[in-house]
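Trainee: For reference, this is start_37.txt, and it has compact mmCIF, C-alpha atoms.
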# COMPACT_ATOMS: atom_id res chain seq x y z
CA MET A 1 33.45 88.11 78.65
CA ASN A 2 36.71 87.49 80.50
CA PRO A 3 39.08 90.25 79.31
CA ILE A 4 42.32 88.73 80.65
CA PRO A 5 42.99 86.54 77.55
CA PHE A 6 42.78 89.74 75.47
CA LEU A 7 45.41 91.39 77.66
CA TYR A 8 47.79 88.45 77.29
CA ALA A 9 47.04 88.19 73.57
CA ALA A 10 48.02 91.84 73.02
CA TYR A 11 51.33 91.42 74.89
CA ILE A 12 52.14 88.12 73.19
CA VAL A 13 51.30 89.47 69.72
CA THR A 14 53.58 92.48 70.34
CA GLY A 15 56.43 90.16 71.33
CA VAL A 16 55.83 87.90 68.34
CA ILE A 17 55.83 90.83 65.86
CA HIS A 18 59.12 92.11 67.28
CA ALA A 19 60.64 88.61 67.32
CA VAL A 20 59.63 87.95 63.70
CA TYR A 21 61.19 91.23 62.60
CA LEU A 22 64.40 90.43 64.51
CA LEU A 23 64.45 87.02 62.81
CA THR A 24 64.12 88.62 59.35
CA LEU A 25 67.01 90.96 60.20
CA TYR A 26 69.11 88.00 61.37
CA THR A 27 68.31 86.08 58.15
CA ARG A 28 69.27 89.07 56.00
CA TYR A 29 72.54 89.48 57.95
CA GLN A 30 73.34 85.80 57.36
CA LYS A 31 72.64 86.21 53.62
CA LEU A 32 74.85 89.30 53.55
CA LYS A 33 77.63 87.40 55.31
CA ARG A 34 77.47 84.64 52.66
CA GLU A 35 77.57 87.22 49.86
CA MET A 36 80.63 88.87 51.43
CA GLN A 37 82.37 85.51 51.72
CA ASP A 38 81.59 84.78 48.05
CA LEU A 39 83.05 88.15 47.08
CA GLU A 40 86.22 87.49 49.08
CA ARG A 41 86.65 84.11 47.34
CA LYS A 42 86.50 85.82 43.94
CA MET B 1 78.00 92.04 64.43
CA LYS B 2 78.86 90.58 67.85
CA SER B 3 80.77 93.59 69.15
CA PRO B 4 80.90 94.29 72.92
CA VAL B 5 79.04 97.56 72.32
CA LEU B 6 76.20 95.75 70.55
CA ILE B 7 75.97 93.17 73.35
CA ALA B 8 75.87 95.96 75.97
CA VAL B 9 73.14 97.78 74.02
CA VAL B 10 71.10 94.56 73.70
CA VAL B 11 71.40 93.96 77.47
CA VAL B 12 70.24 97.53 78.24
CA VAL B 13 67.31 97.24 75.80
CA LEU B 14 66.23 93.88 77.26
CA ALA B 15 66.45 95.30 80.79
CA LEU B 16 64.33 98.31 79.79
CA LEU B 17 61.73 96.11 78.08
CA ALA B 18 61.55 93.84 81.14
CA PHE B 19 61.21 96.83 83.49
CA GLY B 20 58.52 98.32 81.24
CA LEU B 21 56.60 95.05 81.30
CA TYR B 22 56.88 94.97 85.11
CA GLN B 23 55.59 98.55 85.32
CA ALA B 24 52.68 97.76 83.00
CA LEU B 25 51.55 94.48 84.55
CA VAL B 26 52.47 94.91 88.22
CA VAL B 27 53.12 98.52 89.26
CA ALA B 28 50.44 100.44 87.31
CA PRO B 29 47.08 100.53 89.11
CA THR B 30 44.04 98.78 87.68
CA GLU B 31 41.77 101.14 85.76
CA GLN B 32 38.30 101.34 87.36
CA THR B 33 36.08 101.11 84.28
CA MET B 34 37.91 98.71 81.98
CA GLY B 35 39.82 96.67 84.55
CA ASP B 36 43.04 94.84 83.72
CA VAL B 37 42.49 94.86 79.96
CA GLN B 38 43.31 98.59 80.04
CA ARG B 39 46.95 97.53 80.55
CA ILE B 40 47.12 97.02 76.77
CA PHE B 41 47.38 100.82 76.77
CA TYR B 42 51.00 100.57 78.04
CA TYR B 43 52.07 98.83 74.81
CA HIS B 44 49.54 100.32 72.39
CA VAL B 45 50.22 104.01 73.03
CA PRO B 46 54.06 103.91 73.29
CA SER B 47 54.12 101.82 70.09
CA ALA B 48 52.10 104.53 68.32
CA TRP B 49 54.39 107.31 69.59
CA THR B 50 57.45 105.32 68.53
CA ALA B 51 55.99 104.71 65.05
CA PHE B 52 55.22 108.44 64.65
CA LEU B 53 58.78 109.34 65.68
CA LEU B 54 60.27 106.82 63.23
CA PHE B 55 58.12 108.20 60.41
CA PHE B 56 59.35 111.68 61.36
CA ILE B 57 62.97 110.44 61.13
CA ASN B 58 62.05 108.99 57.73
CA LEU B 59 60.74 112.42 56.69
CA ILE B 60 63.93 114.21 57.80
CA ALA B 61 66.15 111.59 56.12
CA SER B 62 64.08 111.85 52.92
CA ILE B 63 64.38 115.65 52.85
CA TRP B 64 68.12 115.25 53.55
CA TYR B 65 68.31 112.87 50.58
CA LEU B 66 66.35 115.21 48.30
CA ILE B 67 68.72 118.08 49.16
CA GLY B 68 72.06 116.30 49.17
CA ARG B 69 71.48 112.92 47.40
CA SER B 70 73.26 111.31 50.36
CA GLY B 71 73.35 107.50 50.37
CA ASP B 72 73.51 107.50 54.17
CA ALA B 73 70.31 109.59 54.33
CA ASP B 74 68.59 107.13 52.00
CA ALA B 75 69.73 104.16 54.11
CA LEU B 76 68.43 105.89 57.26
CA ALA B 77 65.10 106.58 55.50
CA VAL B 78 64.67 102.88 54.62
CA ALA B 79 65.64 101.75 58.13
CA SER B 80 63.30 104.16 59.93
CA ALA B 81 60.36 103.41 57.62
CA GLU B 82 60.75 99.65 58.03
CA VAL B 83 61.01 99.78 61.83
CA GLY B 84 58.15 102.32 61.89
CA VAL B 85 55.94 99.87 60.01
CA VAL B 86 56.77 97.19 62.62
CA PHE B 87 55.60 99.46 65.46
CA CYS B 88 52.57 100.66 63.48
CA THR B 89 51.63 96.99 62.95
CA VAL B 90 51.73 96.52 66.72
CA VAL B 91 49.35 99.49 67.09
CA LEU B 92 46.94 98.13 64.48
CA ILE B 93 46.83 94.68 66.07
CA THR B 94 46.76 95.60 69.78
CA GLY B 95 44.03 98.21 69.13
CA PRO B 96 41.38 95.72 67.96
CA ILE B 97 42.42 93.26 70.70
CA TRP B 98 41.71 96.03 73.23
CA ALA B 99 38.54 97.19 71.42
CA ARG B 100 36.83 93.78 71.44
CA PRO B 101 36.29 93.47 75.23
CA VAL B 102 35.79 97.23 75.75
CA TRP B 103 33.69 98.32 72.74
CA GLY B 104 32.29 94.89 71.86
CA ILE B 105 33.71 95.08 68.33
CA TRP B 106 37.10 94.34 66.77
CA TRP B 107 37.05 97.20 64.28
CA THR B 108 34.99 100.18 63.19
CA TRP B 109 35.61 102.49 60.24
CA ASP B 110 36.14 105.36 62.64
CA VAL B 111 38.41 108.18 61.43
CA ARG B 112 41.27 107.43 63.86
CA LEU B 113 41.35 103.72 63.07
CA THR B 114 40.93 104.21 59.33
CA SER B 115 43.58 106.94 59.11
CA THR B 116 46.03 104.75 61.05
CA LEU B 117 45.39 101.93 58.58
CA VAL B 118 45.95 104.37 55.68
CA LEU B 119 49.20 105.53 57.31
CA TRP B 120 50.37 101.90 57.59
CA LEU B 121 49.43 101.24 53.95
CA ILE B 122 51.38 104.33 52.80
CA TYR B 123 54.57 103.15 54.51
CA VAL B 124 54.06 99.55 53.35
CA SER B 125 53.73 100.90 49.78
CA TYR B 126 56.91 102.94 50.39
CA LEU B 127 58.76 99.74 51.37
CA MET B 128 57.29 97.84 48.40
CA LEU B 129 58.42 100.62 46.08
CA ARG B 130 61.93 100.30 47.50
CA ARG B 131 61.86 96.52 47.29
CA PHE B 132 60.45 95.97 43.80
CA SER B 133 61.37 99.06 41.78
CA THR B 134 64.65 98.54 39.94
CA GLY B 135 65.17 101.94 38.31
CA GLY B 136 67.90 104.35 39.37
CA GLN B 137 65.27 106.90 40.40
CA THR B 138 63.83 104.65 43.15
CA PRO B 139 65.42 106.52 46.12
CA LEU B 140 64.19 109.83 44.68
CA LEU B 141 60.63 108.57 44.14
CA ALA B 142 60.63 106.98 47.59
CA ALA B 143 61.84 110.23 49.20
CA VAL B 144 59.04 112.19 47.52
CA LEU B 145 56.47 109.59 48.60
CA ALA B 146 57.84 109.79 52.17
CA VAL B 147 57.50 113.59 52.27
CA PHE B 148 53.85 113.47 51.13
CA GLY B 149 53.12 110.32 53.16
CA PHE B 150 54.17 111.97 56.41
CA ALA B 151 51.27 114.46 56.05
CA VAL B 152 49.01 111.66 57.32
CA VAL B 153 50.83 111.45 60.69
CA PRO B 154 49.54 114.77 62.16
CA PHE B 155 46.12 113.94 60.71
CA VAL B 156 46.11 110.60 62.56
CA TYR B 157 47.11 112.30 65.81
CA LEU B 158 44.66 115.20 65.54
CA SER B 159 41.76 113.26 63.98
CA ILE B 160 40.22 112.50 67.38
CA ARG B 161 39.97 116.22 68.12
CA PHE B 162 38.47 117.26 64.81
CA PHE B 163 36.01 114.40 64.32
CA ARG B 164 33.56 112.56 66.54
CA THR B 165 35.16 109.18 67.01
CA GLN B 166 34.86 106.10 69.15
CA HIS B 167 38.55 106.30 70.01
CA PRO B 168 39.47 107.97 73.36
CA GLN B 169 41.08 111.42 73.42
CA PRO B 170 44.90 111.70 73.22
CA VAL B 171 46.94 111.10 76.39
CA ILE B 172 48.93 114.30 75.83
CA GLY B 173 46.80 117.44 75.54
CA GLY B 174 43.55 115.52 75.44
CA GLY B 175 42.03 117.10 78.52
CA GLY B 176 41.88 113.84 80.48
CA SER B 177 43.83 113.01 83.61
CA LEU B 178 46.08 110.02 84.06
CA ASP B 179 47.17 108.59 87.39
CA PRO B 180 50.90 109.37 88.01
CA ALA B 181 51.66 105.63 88.34
CA MET B 182 50.02 105.08 84.95
CA TRP B 183 52.14 107.89 83.51
CA HIS B 184 55.29 106.20 84.83
CA ALA B 185 54.30 102.92 83.18
CA VAL B 186 53.59 104.65 79.86
CA LEU B 187 56.84 106.61 79.92
CA TRP B 188 58.99 103.63 80.95
CA ASN B 189 57.51 101.56 78.15
CA TRP B 190 58.01 104.39 75.69
CA LEU B 191 61.65 104.68 76.75
CA ALA B 192 62.05 100.91 76.33
CA PHE B 193 60.41 100.97 72.89
CA LEU B 194 62.54 103.94 71.83
CA ALA B 195 65.70 102.09 72.86
CA PHE B 196 64.49 98.93 71.07
CA ALA B 197 63.53 100.91 67.95
CA GLY B 198 66.93 102.65 68.02
CA LEU B 199 68.66 99.27 68.14
CA LEU B 200 66.54 97.89 65.28
CA CYS B 201 67.15 101.03 63.19
CA TRP B 202 70.88 100.82 63.79
CA LEU B 203 70.96 97.14 62.74
CA ARG B 204 68.80 97.81 59.65
CA TYR B 205 70.84 100.90 58.71
CA ASN B 206 74.10 98.95 58.89
CA LEU B 207 72.58 96.11 56.86
CA GLU B 208 71.44 98.55 54.17
CA ARG B 209 74.85 100.20 53.94
CA LYS B 210 76.67 96.87 53.71
CA GLN B 211 74.24 95.61 51.06
CA ARG B 212 74.87 98.74 49.02
CA GLY B 213 78.63 98.24 49.41
CA ILE B 214 78.32 94.72 47.95
CA GLU B 215 76.07 95.93 45.11
CA GLU B 216 78.58 98.67 44.24
CA THR B 217 81.47 96.17 44.27
CA LEU B 218 79.53 93.78 42.02
CA ALA B 219 78.65 96.62 39.65
CA LEU B 220 82.33 97.65 39.47
CA GLU B 221 83.38 94.04 38.81
CA ALA B 222 80.83 93.81 36.01
CA LEU B 223 82.32 96.93 34.41
CA ILE B 224 85.87 95.55 34.64
Output the file's structure in the form of C-alpha cells.

Mentor:
Amino acid sequence: MNPIPFLYAAYIVTGVIHAVYLLTLYTRYQKLKREMQDLERK
Amino acid sequence: MKSPVLIAVVVVVLALLAFGLYQALVVAPTEQTMGDVQRIFYYHVPSAWTAFLLFFINLIASIWYLIGRSGDADALAVASAEVGVVFCTVVLITGPIWARPVWGIWWTWDVRLTSTLVLWLIYVSYLMLRRFSTGGQTPLLAAVLAVFGFAVVPFVYLSIRFFRTQHPQPVIGGGGSLDPAMWHAVLWNWLAFLAFAGLLCWLRYNLERKQRGIEETLALEALI
C-alpha cells in the first residue's frame, strides 16, 4: 500500500475542516451585518 | 472586521501555518518504521493539544460564569468550545487516515480512540444545547455540562498509560524519544495552531457578543 496519498489526505482534510469553519464564521458575520443594518433602518 | 490589527494577525497566522507545513513536510526527518506517512503526526498531535487547551479555556470560562454570571465569560465558553470541536474533529479524522496504512485498519474501539470520540460527542452536545435550547437557564446548564464534560480530557490523555491500547504512548512523558528536528516540527505546528485557534476564538467571541447585543436591543424594542 502506497502511504503517500494518506499523508496528503490528512493534510488536505485538515485544511478543508479549517476552511469550512472559517466560511461558517464569515457567513454568520454577514448575517449579523445585515441584522445590524436592519436595526439601524428601524 | 477589516481592521489593520486583524489583517496583521491574519498575516502572522498564515506565515506560521506555512512555516509549520514546511517544517512538517520538508525539514523533519523521515521516520524509519512508518516512512513519510508519519508526518501526519505533525498535524494530528498539535491539533489534539490545541483542542485540549481550548476545552480547558471552556472549563475556566464556565466556572467564571457559574461564579459571576458574566456574559463575557459565557461568550468565551461558547467560542472556545466551538473552536475546540473543530480541532478535535481534525484529530478524529487524521487519526484513522494515519491508522489505515500503519495498523491496517481505519478504526478500533480502543480506549484512547473511543474516549476521544466520547469527548467530541460531549462538546458537540454542549454546542447543540446552546444552539437549540431556548430557556433562560441555557448558559447555566451549559456551564455545568462543561465542568463535568472536561473530566474526560485528562482521561483521554492518560488512557494510554492506564490501559493496554493500540495507540502509541504520549509524546510528552511517554518514555519514548523524539528526534530534535521532529520536536521542532511539532512545536512549530503547535505554535501555528495555537495562533490560528486564538484568531478563530477571537472572531467567534466577537460574533457572540455582537449577536447578544442585537438580541438585547430587539428584546428592549419589544418591551417598548

Trainee: What gap, in Å, lies between CA of Leu54 (chain B) and CA of Ser80 (chain B)?

Mentor: 5.2 Å

Trainee: Give me the residues near Thr33 (chain B) as a PyMOL selection string, where near means some atom within 12 Å (using all atoms listed in the file) and where sequence neighbours in that chain fewer than 5 positions away do not count.

Mentor: chain B and resi 38+101-102

Trainee: Print the selection's residues with C-alpha atoms to a file, as a PDB file, keeping the file's coordinate frame.

Mentor:
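File produced: again-v8.pdb:
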ATOM      1  CA  GLN B  38      43.310  98.590  80.040  1.00  0.00           C
ATOM      2  CA  PRO B 101      36.290  93.470  75.230  1.00  0.00           C
ATOM      3  CA  VAL B 102      35.790  97.230  75.750  1.00  0.00           C
TER       4      VAL B 102
END

Trainee: Any idea what's packed within 12 Å of His18 (chain A), counting all atoms listed in the file, ignoring anything in its chain fewer than 2 positions away? Could you give it as a JSON list (two decimals) with C-alpha atoms, in the coordinates of the input?

Mentor:
[["chain", "number", "residue", "atom", "x", "y", "z"],
["A", 11, "TYR", "CA", 51.33, 91.42, 74.89],
["A", 12, "ILE", "CA", 52.14, 88.12, 73.19],
["A", 13, "VAL", "CA", 51.30, 89.47, 69.72],
["A", 14, "THR", "CA", 53.58, 92.48, 70.34],
["A", 15, "GLY", "CA", 56.43, 90.16, 71.33],
["A", 16, "VAL", "CA", 55.83, 87.90, 68.34],
["A", 20, "VAL", "CA", 59.63, 87.95, 63.70],
["A", 21, "TYR", "CA", 61.19, 91.23, 62.60],
["A", 22, "LEU", "CA", 64.40, 90.43, 64.51],
["A", 23, "LEU", "CA", 64.45, 87.02, 62.81],
["A", 24, "THR", "CA", 64.12, 88.62, 59.35],
["A", 25, "LEU", "CA", 67.01, 90.96, 60.20],
["B", 17, "LEU", "CA", 61.73, 96.11, 78.08],
["B", 47, "SER", "CA", 54.12, 101.82, 70.09],
["B", 83, "VAL", "CA", 61.01, 99.78, 61.83],
["B", 84, "GLY", "CA", 58.15, 102.32, 61.89],
["B", 85, "VAL", "CA", 55.94, 99.87, 60.01],
["B", 86, "VAL", "CA", 56.77, 97.19, 62.62],
["B", 87, "PHE", "CA", 55.60, 99.46, 65.46],
["B", 88, "CYS", "CA", 52.57, 100.66, 63.48],
["B", 89, "THR", "CA", 51.63, 96.99, 62.95],
["B", 90, "VAL", "CA", 51.73, 96.52, 66.72],
["B", 193, "PHE", "CA", 60.41, 100.97, 72.89],
["B", 196, "PHE", "CA", 64.49, 98.93, 71.07],
["B", 197, "ALA", "CA", 63.53, 100.91, 67.95],
["B", 199, "LEU", "CA", 68.66, 99.27, 68.14],
["B", 200, "LEU", "CA", 66.54, 97.89, 65.28]]

Trainee: Rank B:Val153, B:Met34, B:Val11, B:Ala181 by their smallest atom-to-atom distance to Asn2 (chain A), using only C-alpha atoms, and report the top residue only.

Mentor: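 Of B:Val153, B:Met34, B:Val11, B:Ala181, the one nearest Asn2 (chain A) is B:Met34, counting only C-alpha atoms.
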
Trainee: From the options B:Ile224, B:Leu218, B:Ala143, B:Val45, which residue's atoms come nearest to Asp38 (chain A), counting all atoms listed in the file?

Mentor: B:Leu218

Trainee: Contacts from chain A to chain B, 6 Å maximum, all atoms listed in the file: show me the residue list as a PyMOL selection string.

Mentor: chain A and resi 3+6-7+10+14

Trainee: Rounded to one decimal in Å, what is the spacing between CA of Ser62 (chain B) and CA of Ala146 (chain B)?

Mentor: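 According to the coordinates, CA of Ser62 (chain B) and CA of Ala146 (chain B) are separated by 6.6 Å.
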
Trainee: With distances taken over only C-alpha atoms, which of A:Leu32, A:Ile17, A:Met1, A:Leu39 is nearest to Leu92 (chain B)?

Mentor: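 When distances to Leu92 (chain B) are compared using only C-alpha atoms, the smallest one comes from A:Ile17.
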
Trainee: Rounded to one decimal place, report the CA of Val186 (chain B)-CA of Gly20 (chain B) distance in Å.

Mentor: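 If I compute the distance from CA of Val186 (chain B) to CA of Gly20 (chain B), I get 8.1 Å.
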
Trainee: Around all the atoms of region 5-14 of chain A listed in the file, with 5 Å of room on each side, what axis-aligned box do you get, giving centre and edge lengths in Å to one decimal, as lines of an AutoDock Vina configuration file?

Mentor:
center_x = 48.2
center_y = 89.5
center_z = 73.7
size_x = 20.8
size_y = 15.9
size_z = 17.9

Trainee: For Ala61 (chain B), which residue out of B:Ala73, B:Leu129, B:Ala185, B:Leu6 is the nearest one, using all atoms listed in the file?

Mentor: B:Ala73

Trainee: Rank B:Leu178, B:Ala24, B:Ala192, B:Leu187 by their smallest atom-to-atom distance to Tyr8 (chain A), using all atoms listed in the file, and report the top residue only.

Mentor: B:Ala24
